[in-house]
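**Q** Hey, dropping work_38.txt in here, compact mmCIF, C-alpha atoms:
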```
# COMPACT_ATOMS: atom_id res chain seq x y z
CA MET A 1 76.92 102.32 108.79
CA SER A 2 78.01 103.50 105.35
CA ASN A 3 81.26 101.88 104.38
CA PHE A 4 83.31 103.78 101.80
CA TRP A 5 85.62 100.75 101.44
CA ASP A 6 82.86 98.87 99.59
CA LYS A 7 82.70 101.60 96.95
CA LEU A 8 86.39 101.64 96.01
CA SER A 9 87.17 100.30 92.58
CA LYS A 10 90.18 98.02 92.33
CA PRO A 11 93.10 98.26 92.10
CA PHE A 12 93.46 101.29 94.36
CA PHE A 13 96.40 103.32 95.66
CA VAL A 14 96.67 105.02 99.03
CA MET A 15 99.03 107.24 100.98
CA ALA A 16 100.96 105.89 103.98
CA PRO A 17 100.45 107.66 107.31
CA MET A 18 103.78 109.08 108.47
CA ALA A 19 104.47 111.07 111.62
CA ASN A 20 105.52 114.66 110.89
CA VAL A 21 105.11 114.04 107.16
CA THR A 22 101.49 113.51 106.17
CA ASP A 23 100.27 116.54 108.07
CA VAL A 24 97.43 118.83 106.99
CA ALA A 25 99.70 120.90 104.69
CA PHE A 26 101.21 117.86 102.97
CA ARG A 27 97.79 116.26 102.45
CA ALA A 28 96.39 119.51 101.02
CA MET A 29 99.09 119.38 98.32
CA PHE A 30 97.99 115.89 97.29
CA ALA A 31 94.32 116.83 97.35
CA ARG A 32 95.23 119.58 94.87
CA TYR A 33 97.67 117.80 92.53
CA GLY A 34 96.93 114.09 92.64
CA LYS A 35 94.60 112.62 95.20
CA PRO A 36 95.08 109.07 96.50
CA ASP A 37 91.99 106.82 96.51
CA VAL A 38 92.01 106.97 100.32
CA THR A 39 93.85 109.50 102.48
CA TRP A 40 95.31 108.70 105.92
CA THR A 41 96.21 111.20 108.62
CA GLU A 42 99.58 110.88 110.32
CA PHE A 43 99.25 108.52 113.30
CA VAL A 44 97.96 110.15 116.46
CA SER A 45 97.99 108.99 120.08
CA ALA A 46 94.49 108.12 121.31
CA ASP A 47 95.77 108.64 124.87
CA GLY A 48 96.94 112.14 123.93
CA LEU A 49 93.62 113.00 122.28
CA VAL A 50 91.79 112.42 125.53
CA SER A 51 94.36 114.25 127.70
CA PRO A 52 94.64 117.97 128.58
CA GLY A 53 97.27 118.38 125.82
CA ARG A 54 94.78 117.43 123.10
CA GLU A 55 94.59 120.88 121.43
CA VAL A 56 97.95 120.49 119.67
CA LEU A 57 97.17 116.90 118.66
CA LEU A 58 93.83 117.94 117.22
CA ARG A 59 95.80 119.88 114.62
CA ASP A 60 97.07 116.53 113.31
CA LEU A 61 93.47 115.58 112.61
CA GLU A 62 92.56 118.69 110.63
CA PHE A 63 91.43 117.96 107.08
CA SER A 64 89.45 119.43 104.20
CA LYS A 65 86.55 117.93 102.21
CA ALA A 66 88.89 117.62 99.22
CA GLU A 67 90.79 114.85 101.06
CA LYS A 68 87.82 112.52 101.46
CA PRO A 69 87.50 109.63 101.90
CA ILE A 70 89.85 110.15 104.83
CA VAL A 71 90.80 107.80 107.63
CA ALA A 72 92.11 108.90 111.05
CA GLN A 73 94.93 106.65 112.25
CA LEU A 74 95.21 106.21 116.02
CA PHE A 75 97.40 104.13 118.30
CA THR A 76 96.97 103.04 121.91
CA GLY A 77 97.18 99.98 124.11
CA HIS A 78 94.22 101.18 126.22
CA PRO A 79 90.69 100.28 125.11
CA GLU A 80 89.07 102.92 127.34
CA LYS A 81 91.18 105.67 125.72
CA MET A 82 90.39 104.32 122.26
CA LEU A 83 86.68 104.38 123.04
CA GLU A 84 86.83 108.07 123.91
CA ALA A 85 89.15 109.02 121.04
CA ALA A 86 86.99 107.06 118.56
CA ARG A 87 83.97 109.16 119.56
CA LEU A 88 86.00 112.25 118.74
CA VAL A 89 87.03 110.84 115.34
CA LYS A 90 83.37 110.28 114.52
CA LYS A 91 82.48 113.82 115.62
CA LEU A 92 85.23 115.31 113.46
CA GLY A 93 83.63 113.79 110.35
CA PHE A 94 86.14 111.12 109.33
CA ASP A 95 85.07 108.31 106.98
CA GLY A 96 86.95 105.59 108.83
CA LEU A 97 89.29 104.84 111.71
CA ASP A 98 92.53 102.93 111.25
CA ILE A 99 94.43 101.39 114.16
CA ASN A 100 98.21 101.37 114.00
CA MET A 101 99.40 97.92 115.08
CA GLY A 102 102.78 98.05 113.38
CA CYS A 103 104.77 101.10 114.47
CA PRO A 104 108.15 100.02 115.91
CA ASP A 105 108.73 103.25 117.85
CA ARG A 106 109.74 102.42 121.43
CA SER A 107 107.65 105.15 123.03
CA VAL A 108 104.55 103.91 121.17
CA GLU A 109 105.26 100.30 122.16
CA LYS A 110 105.77 101.29 125.80
CA GLN A 111 102.12 102.35 125.87
CA GLY A 112 101.13 98.94 124.49
CA GLY A 113 100.37 100.42 121.06
CA GLY A 114 101.86 99.98 117.58
CA ALA A 115 103.80 96.74 117.01
CA ALA A 116 103.44 95.75 120.69
CA MET A 117 99.90 94.66 119.79
CA ILE A 118 101.34 91.80 117.69
CA LYS A 119 102.41 90.18 120.98
CA ASP A 120 99.05 90.68 122.70
CA GLN A 121 96.01 89.51 120.75
CA GLU A 122 93.69 89.97 123.71
CA SER A 123 94.59 93.63 124.01
CA ALA A 124 94.41 94.08 120.23
CA LEU A 125 90.88 92.69 120.18
CA ALA A 126 89.77 94.94 123.05
CA VAL A 127 91.13 98.00 121.22
CA ILE A 128 89.38 97.00 117.95
CA GLU A 129 86.07 96.56 119.77
CA ALA A 130 86.45 99.92 121.54
CA ALA A 131 87.21 101.66 118.23
CA ARG A 132 84.08 100.18 116.66
CA GLU A 133 81.88 100.98 119.61
CA GLY A 134 83.13 104.55 119.95
CA SER A 135 83.19 105.57 116.29
CA GLY A 136 80.48 103.53 114.58
CA LEU A 137 82.81 103.82 111.54
CA PRO A 138 84.53 101.10 109.51
CA VAL A 139 87.64 100.18 111.52
CA SER A 140 90.69 99.06 109.54
CA ILE A 141 94.18 98.07 110.70
CA LYS A 142 97.77 98.62 109.58
CA THR A 143 100.28 96.10 110.85
CA ARG A 144 103.39 94.02 110.07
CA ILE A 145 103.91 90.32 109.28
CA GLY A 146 105.15 89.56 112.79
CA TYR A 147 107.21 90.80 115.70
CA ASN A 148 110.55 88.96 115.80
CA LYS A 149 109.70 86.48 113.07
CA ASN A 150 107.14 85.72 110.36
CA GLU A 151 103.81 85.20 112.17
CA ILE A 152 101.48 85.51 109.20
CA LYS A 153 99.36 82.47 110.06
CA GLU A 154 98.95 83.36 113.74
CA TRP A 155 98.78 87.15 113.64
CA ILE A 156 97.36 88.05 110.21
CA GLY A 157 95.01 85.07 110.55
CA PHE A 158 93.79 86.41 113.90
CA LEU A 159 93.15 89.88 112.46
CA LEU A 160 91.30 88.49 109.46
CA LYS A 161 88.91 86.71 111.80
CA GLN A 162 87.77 90.17 113.00
CA SER A 163 85.87 90.94 109.73
CA LEU A 164 87.83 94.09 108.96
CA PRO A 165 86.84 96.19 105.92
CA ALA A 166 90.56 96.61 105.08
CA LEU A 167 93.91 95.38 106.36
CA THR A 168 97.21 97.03 105.41
CA VAL A 169 100.23 94.79 105.80
CA HIS A 170 103.72 96.28 105.90
CA LEU A 171 105.67 93.29 104.63
CA ARG A 172 108.39 93.23 107.26
CA THR A 173 108.59 92.15 110.91
CA ARG A 174 108.97 94.61 113.77
CA LYS A 175 112.53 93.37 114.27
CA GLU A 176 113.44 94.05 110.64
CA MET A 177 112.31 97.69 110.88
CA SER A 178 113.08 98.95 107.35
CA ASP A 179 116.53 97.36 107.22
CA VAL A 180 115.70 94.58 104.74
CA PRO A 181 113.70 94.59 101.50
CA ALA A 182 109.94 94.18 102.03
CA HIS A 183 108.81 90.54 101.71
CA TRP A 184 106.35 90.85 98.84
CA GLU A 185 106.83 87.10 98.27
CA PHE A 186 104.57 86.53 101.32
CA MET A 187 101.64 88.52 99.95
CA PRO A 188 100.03 85.61 97.99
CA GLU A 189 99.90 83.62 101.26
CA ILE A 190 98.19 86.56 103.02
CA VAL A 191 95.67 86.84 100.17
CA ALA A 192 94.96 83.08 100.38
CA ILE A 193 94.32 83.35 104.15
CA ARG A 194 92.02 86.31 103.48
CA ASN A 195 90.09 84.35 100.83
CA GLU A 196 89.52 81.59 103.33
CA LEU A 197 88.74 83.60 106.49
CA SER A 198 87.29 86.94 105.37
CA PRO A 199 86.71 87.24 101.61
CA LYS A 200 85.33 90.78 101.92
CA THR A 201 88.41 92.24 103.64
CA LEU A 202 90.50 94.35 101.26
CA ILE A 203 94.22 93.62 101.50
CA ILE A 204 96.61 96.54 101.04
CA GLY A 205 100.31 95.84 100.59
CA ASN A 206 102.96 98.23 101.88
CA GLY A 207 106.75 98.41 101.68
CA ASP A 208 109.37 99.67 99.19
CA VAL A 209 106.96 100.86 96.51
CA ALA A 210 107.99 104.17 94.97
CA SER A 211 105.64 104.57 91.99
CA ILE A 212 102.16 103.74 90.71
CA ALA A 213 103.66 101.59 87.93
CA GLU A 214 105.49 99.54 90.56
CA ALA A 215 102.32 99.34 92.66
CA ARG A 216 100.34 97.98 89.69
CA MET A 217 103.00 95.32 89.16
CA LYS A 218 102.83 94.24 92.81
CA ILE A 219 99.04 93.94 92.65
CA LYS A 220 99.27 91.91 89.44
CA GLU A 221 101.96 89.61 90.83
CA THR A 222 100.55 89.04 94.32
CA GLY A 223 96.77 89.43 94.14
CA CYS A 224 96.38 92.13 96.80
CA ASP A 225 93.63 94.74 96.24
CA GLY A 226 95.60 97.94 96.74
CA VAL A 227 99.01 99.33 97.58
CA MET A 228 99.98 101.90 100.20
CA ILE A 229 102.87 104.10 99.11
CA GLY A 230 105.19 105.75 101.62
CA ARG A 231 108.64 106.37 100.19
CA GLY A 232 107.36 107.52 96.80
CA ILE A 233 105.19 110.34 98.12
CA PHE A 234 108.02 112.63 99.27
CA GLY A 235 108.34 115.72 97.08
CA ASN A 236 105.82 114.36 94.59
CA PRO A 237 102.23 115.54 95.16
CA TRP A 238 101.53 114.44 91.55
CA LEU A 239 102.30 110.79 92.31
CA PHE A 240 98.72 109.52 92.27
CA SER A 241 97.83 111.51 89.13
CA GLY A 242 100.56 109.83 87.08
CA LYS A 243 101.99 113.18 85.98
CA THR A 244 105.76 113.73 85.87
CA ALA A 245 106.45 117.25 87.08
CA THR A 246 109.17 119.52 85.69
CA SER A 247 111.82 120.98 87.98
CA THR A 248 110.09 124.38 87.81
CA GLU A 249 106.75 122.84 88.82
CA LYS A 250 108.47 121.06 91.71
CA LEU A 251 110.03 124.28 92.95
CA LYS A 252 106.74 126.17 92.76
CA ALA A 253 105.06 123.32 94.67
CA LEU A 254 107.82 123.45 97.29
CA VAL A 255 107.12 127.16 97.89
CA GLU A 256 103.38 126.51 98.03
CA HIS A 257 103.85 123.60 100.44
CA THR A 258 106.14 125.69 102.69
CA LYS A 259 103.65 128.56 102.88
CA LEU A 260 100.81 126.14 103.61
CA PHE A 261 102.87 124.55 106.39
CA GLU A 262 103.47 127.96 107.99
CA LYS A 263 99.84 128.98 107.67
CA LYS A 264 98.39 125.74 109.05
CA LEU A 265 101.07 124.60 111.50
CA GLY A 266 103.58 127.42 111.99
CA ASP A 267 102.38 128.07 115.53
CA VAL A 268 102.70 124.44 116.71
CA LYS A 269 105.47 122.86 114.63
CA ASN A 270 109.10 123.79 114.13
CA PHE A 271 109.99 125.05 110.62
CA ALA A 272 112.75 122.38 110.53
CA VAL A 273 110.00 119.75 110.03
CA MET A 274 109.45 121.24 106.58
CA LYS A 275 113.11 120.83 105.62
CA LYS A 276 112.89 117.05 105.28
CA HIS A 277 110.78 117.74 102.18
CA PHE A 278 113.34 120.03 100.54
CA LYS A 279 115.67 117.22 99.49
CA ALA A 280 112.80 115.33 97.87
CA TYR A 281 111.47 118.32 95.92
CA VAL A 282 114.94 119.49 94.88
CA SER A 283 116.79 116.58 93.28
CA GLY A 284 117.36 115.01 89.91
CA TRP A 285 118.69 117.93 87.89
CA GLU A 286 121.93 119.86 87.49
CA GLY A 287 122.32 122.58 90.11
CA ALA A 288 119.81 120.96 92.47
CA LYS A 289 122.41 120.27 95.13
CA GLU A 290 123.59 123.90 95.39
CA LEU A 291 119.99 125.08 95.58
CA ARG A 292 119.28 122.54 98.32
CA VAL A 293 122.16 123.82 100.40
CA LYS A 294 120.72 127.36 100.20
CA LEU A 295 117.22 126.15 101.08
CA MET A 296 118.49 124.29 104.14
CA GLU A 297 119.74 127.64 105.48
CA THR A 298 116.30 129.29 105.31
CA GLY A 299 114.20 129.91 108.39
CA ASN A 300 110.74 130.67 106.99
CA GLY A 301 108.51 130.61 103.92
CA ARG A 302 109.45 134.11 102.82
CA GLU A 303 113.12 133.15 102.62
CA VAL A 304 112.30 129.94 100.74
CA ASP A 305 110.24 131.94 98.23
CA LYS A 306 113.11 134.38 97.71
CA VAL A 307 115.74 131.65 97.17
CA VAL A 308 113.52 129.82 94.67
CA LYS A 309 112.60 133.01 92.77
CA GLU A 310 116.28 133.95 92.42
CA TYR A 311 117.11 130.47 91.20
CA LEU A 312 114.31 130.46 88.62
CA LYS A 313 115.38 133.88 87.30
CA LYS A 314 118.79 132.43 86.44
```
Can I see the file as structure tokens?

**A**
Amino acid sequence: MSNFWDKLSKPFFVMAPMANVTDVAFRAMFARYGKPDVTWTEFVSADGLVSPGREVLLRDLEFSKAEKPIVAQLFTGHPEKMLEAARLVKKLGFDGLDINMGCPDRSVEKQGGGAAMIKDQESALAVIEAAREGSGLPVSIKTRIGYNKNEIKEWIGFLLKQSLPALTVHLRTRKEMSDVPAHWEFMPEIVAIRNELSPKTLIIGNGDVASIAEARMKIKETGCDGVMIGRGIFGNPWLFSGKTATSTEKLKALVEHTKLFEKKLGDVKNFAVMKKHFKAYVSGWEGAKELRVKLMETGNGREVDKVVKEYLKK
């Protein structure tokens, strides 16, 4: 089994998987303007992928060669569903499979997936084994430091005993959601446990990092191998390239992103999904707020294009 994780040079920087954000259109923008070292899909239900409604979900797993290496992120509490979905991930040509064991969404937890796994090591292990058996790919995990409290020794220690190629740790508990600052002070402890239990596992830190400069600092201070950036990727497809875009470049990218969204997902996703990106693309300069208000009133890519063109003419 070829393992792309072994070939990554350190430190490395990756994109966080986010539902209704890191879709095929969003990822295409990054592949074009500033590719992360590893790309993640948005998280997808393994149960859904093996159900009659799978056609729509398969759109969440669309990708281009330019995005490689790319990892499909799945969640489920059911090993038999993971086995089947993992076979599909392999067939689709992904480089790796990542299991979400940290999502605090109630509907995800109800199915025994996401952060619910933190409370059920037996189930977590069965799902990991099914993912490996089904995909034959390197299986990584994204999780949190605990459920209601810090459980680094018990939970992270357990995961590190599974010889994972990579482990992403969102440095908050399930209970904390995103309501408190991420606990980067715990990362050295996680790295020390890794060094003892599974020296080859790459540790990726996640939480409150908005730039590559900040990510480099965290790696230097804590000893992790890479950083996963979530908040900082909104409206900034140049993030991983280090380039600072001008307001004109941002607006042109916004139009391009909107048209891509319509072309790739217009038949399955509501145009309103695209609007959460407008605020991120259009901020930080005089007149941005007024333009944003106009953009929020648009209903399709053509209207967005028109509003932006008129603004740029002025």

**Q** Please determine, counting only C-alpha atoms, which residue among A:Phe30, A:Phe158, A:Phe94, A:Phe75 has the shortest atom-to-atom distance to Leu61 in chain A.

**A**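 Answer, going by the shortest atom-to-atom distance: A:Phe94.
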
**Q** List the residues sitting within 7 Å of (101.8, 97.2, 115.6) in the file's frame, using only C-alpha atoms, as a PDB file with C-alpha atoms, keeping the file's coordinate frame.

**A**
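Full text of point09.pdb as output:
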```pdb
ATOM      1  CA  ASN A 100      98.210 101.370 114.000  1.00  0.00           C
ATOM      2  CA  MET A 101      99.400  97.920 115.080  1.00  0.00           C
ATOM      3  CA  GLY A 102     102.780  98.050 113.380  1.00  0.00           C
ATOM      4  CA  CYS A 103     104.770 101.100 114.470  1.00  0.00           C
ATOM      5  CA  PRO A 104     108.150 100.020 115.910  1.00  0.00           C
ATOM      6  CA  GLY A 113     100.370 100.420 121.060  1.00  0.00           C
ATOM      7  CA  GLY A 114     101.860  99.980 117.580  1.00  0.00           C
ATOM      8  CA  ALA A 115     103.800  96.740 117.010  1.00  0.00           C
ATOM      9  CA  ALA A 116     103.440  95.750 120.690  1.00  0.00           C
ATOM     10  CA  MET A 117      99.900  94.660 119.790  1.00  0.00           C
ATOM     11  CA  ILE A 118     101.340  91.800 117.690  1.00  0.00           C
ATOM     12  CA  THR A 143     100.280  96.100 110.850  1.00  0.00           C
ATOM     13  CA  ARG A 144     103.390  94.020 110.070  1.00  0.00           C
TER      14      ARG A 144
END
```

**Q** Contacts between range 191-204 of chain A and range 212-307 of chain A, please, where a residue of range 212-307 of chain A counts if it comes within 12 Å (with all atoms listed in the file); show its shortest atom pair and distance in Å to one decimal, rows by chain and ascending number, as CSV.

**A**
```
residue,atom,partner,partner_atom,distance
A:Ala215,CA,A:Ile204,CA,10.5
A:Lys218,CA,A:Ile204,CA,10.6
A:Ile219,CA,A:Ile204,CA,9.1
A:Glu221,CA,A:Val191,CA,11.6
A:Thr222,CA,A:Val191,CA,7.9
A:Gly223,CA,A:Val191,CA,6.7
A:Cys224,CA,A:Ile203,CA,5.4
A:Asp225,CA,A:Ile203,CA,5.4
A:Gly226,CA,A:Ile204,CA,4.6
A:Val227,CA,A:Ile204,CA,5.1
A:Met228,CA,A:Ile204,CA,6.4
A:Ile229,CA,A:Ile204,CA,10.0
```

**Q** Could you check which of A:Ala16, A:Val304, A:Arg27, A:Arg231 is closest to Lys252 in chain A, using all atoms listed in the file?

**A** A:Val304

**Q** Can you tell me which residues surround Asp47 in chain A at a distance of at most 7 Å, considering only C-alpha atoms, apart from same-chain residues fewer than 3 positions away, and format the answer as JSON, numbers by chain?

**A** {"A": [50, 51, 76, 81]}

**Q** I'd like the interatomic distance between CA of Ala126 in chain A and CA of Leu160 in chain A, to a tenth of an Å.

**A** 15.1 Å

**Q** Write out as a list in words the residues lying within 9 Å of Ile128 in chain A, counting only C-alpha atoms and excluding same-chain residues fewer than 5 positions away.

**A**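 What passes the distance filter is Pro79, Met82, Ile99, Ser123, Glu133, Val139, Ser140, Ile141 and Gln162 of chain A.
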
**Q** Counting only C-alpha atoms, which residues in range 219-262 of chain A sit no more than 12 Å from range 209-212 of chain A? For each one, give the nearest pair of atoms and the distance in Å, sorted by chain then residue number, as JSON lines.

**A**
```
{"residue": "A:Ile219", "atom": "CA", "partner": "A:Ile212", "partner_atom": "CA", "distance": 10.5}
{"residue": "A:Gly226", "atom": "CA", "partner": "A:Ile212", "partner_atom": "CA", "distance": 10.6}
{"residue": "A:Val227", "atom": "CA", "partner": "A:Val209", "partner_atom": "CA", "distance": 8.2}
{"residue": "A:Met228", "atom": "CA", "partner": "A:Val209", "partner_atom": "CA", "distance": 8.0}
{"residue": "A:Ile229", "atom": "CA", "partner": "A:Val209", "partner_atom": "CA", "distance": 5.8}
{"residue": "A:Gly230", "atom": "CA", "partner": "A:Val209", "partner_atom": "CA", "distance": 7.3}
{"residue": "A:Arg231", "atom": "CA", "partner": "A:Ala210", "partner_atom": "CA", "distance": 5.7}
{"residue": "A:Gly232", "atom": "CA", "partner": "A:Ala210", "partner_atom": "CA", "distance": 3.9}
{"residue": "A:Ile233", "atom": "CA", "partner": "A:Ala210", "partner_atom": "CA", "distance": 7.5}
{"residue": "A:Phe234", "atom": "CA", "partner": "A:Ala210", "partner_atom": "CA", "distance": 9.5}
{"residue": "A:Gly235", "atom": "CA", "partner": "A:Ala210", "partner_atom": "CA", "distance": 11.7}
{"residue": "A:Asn236", "atom": "CA", "partner": "A:Ser211", "partner_atom": "CA", "distance": 10.1}
{"residue": "A:Pro237", "atom": "CA", "partner": "A:Ser211", "partner_atom": "CA", "distance": 11.9}
{"residue": "A:Trp238", "atom": "CA", "partner": "A:Ser211", "partner_atom": "CA", "distance": 10.7}
{"residue": "A:Leu239", "atom": "CA", "partner": "A:Ser211", "partner_atom": "CA", "distance": 7.1}
{"residue": "A:Phe240", "atom": "CA", "partner": "A:Ile212", "partner_atom": "CA", "distance": 6.9}
{"residue": "A:Ser241", "atom": "CA", "partner": "A:Ile212", "partner_atom": "CA", "distance": 9.0}
{"residue": "A:Gly242", "atom": "CA", "partner": "A:Ile212", "partner_atom": "CA", "distance": 7.3}
{"residue": "A:Lys243", "atom": "CA", "partner": "A:Ile212", "partner_atom": "CA", "distance": 10.6}
{"residue": "A:Thr244", "atom": "CA", "partner": "A:Ser211", "partner_atom": "CA", "distance": 11.0}
```

**Q** Quick check, in Å to one decimal: how far apart do CA of His170 in chain A and CA of Leu8 in chain A lie?

**A**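 These two atoms are separated by 20.7 Å.
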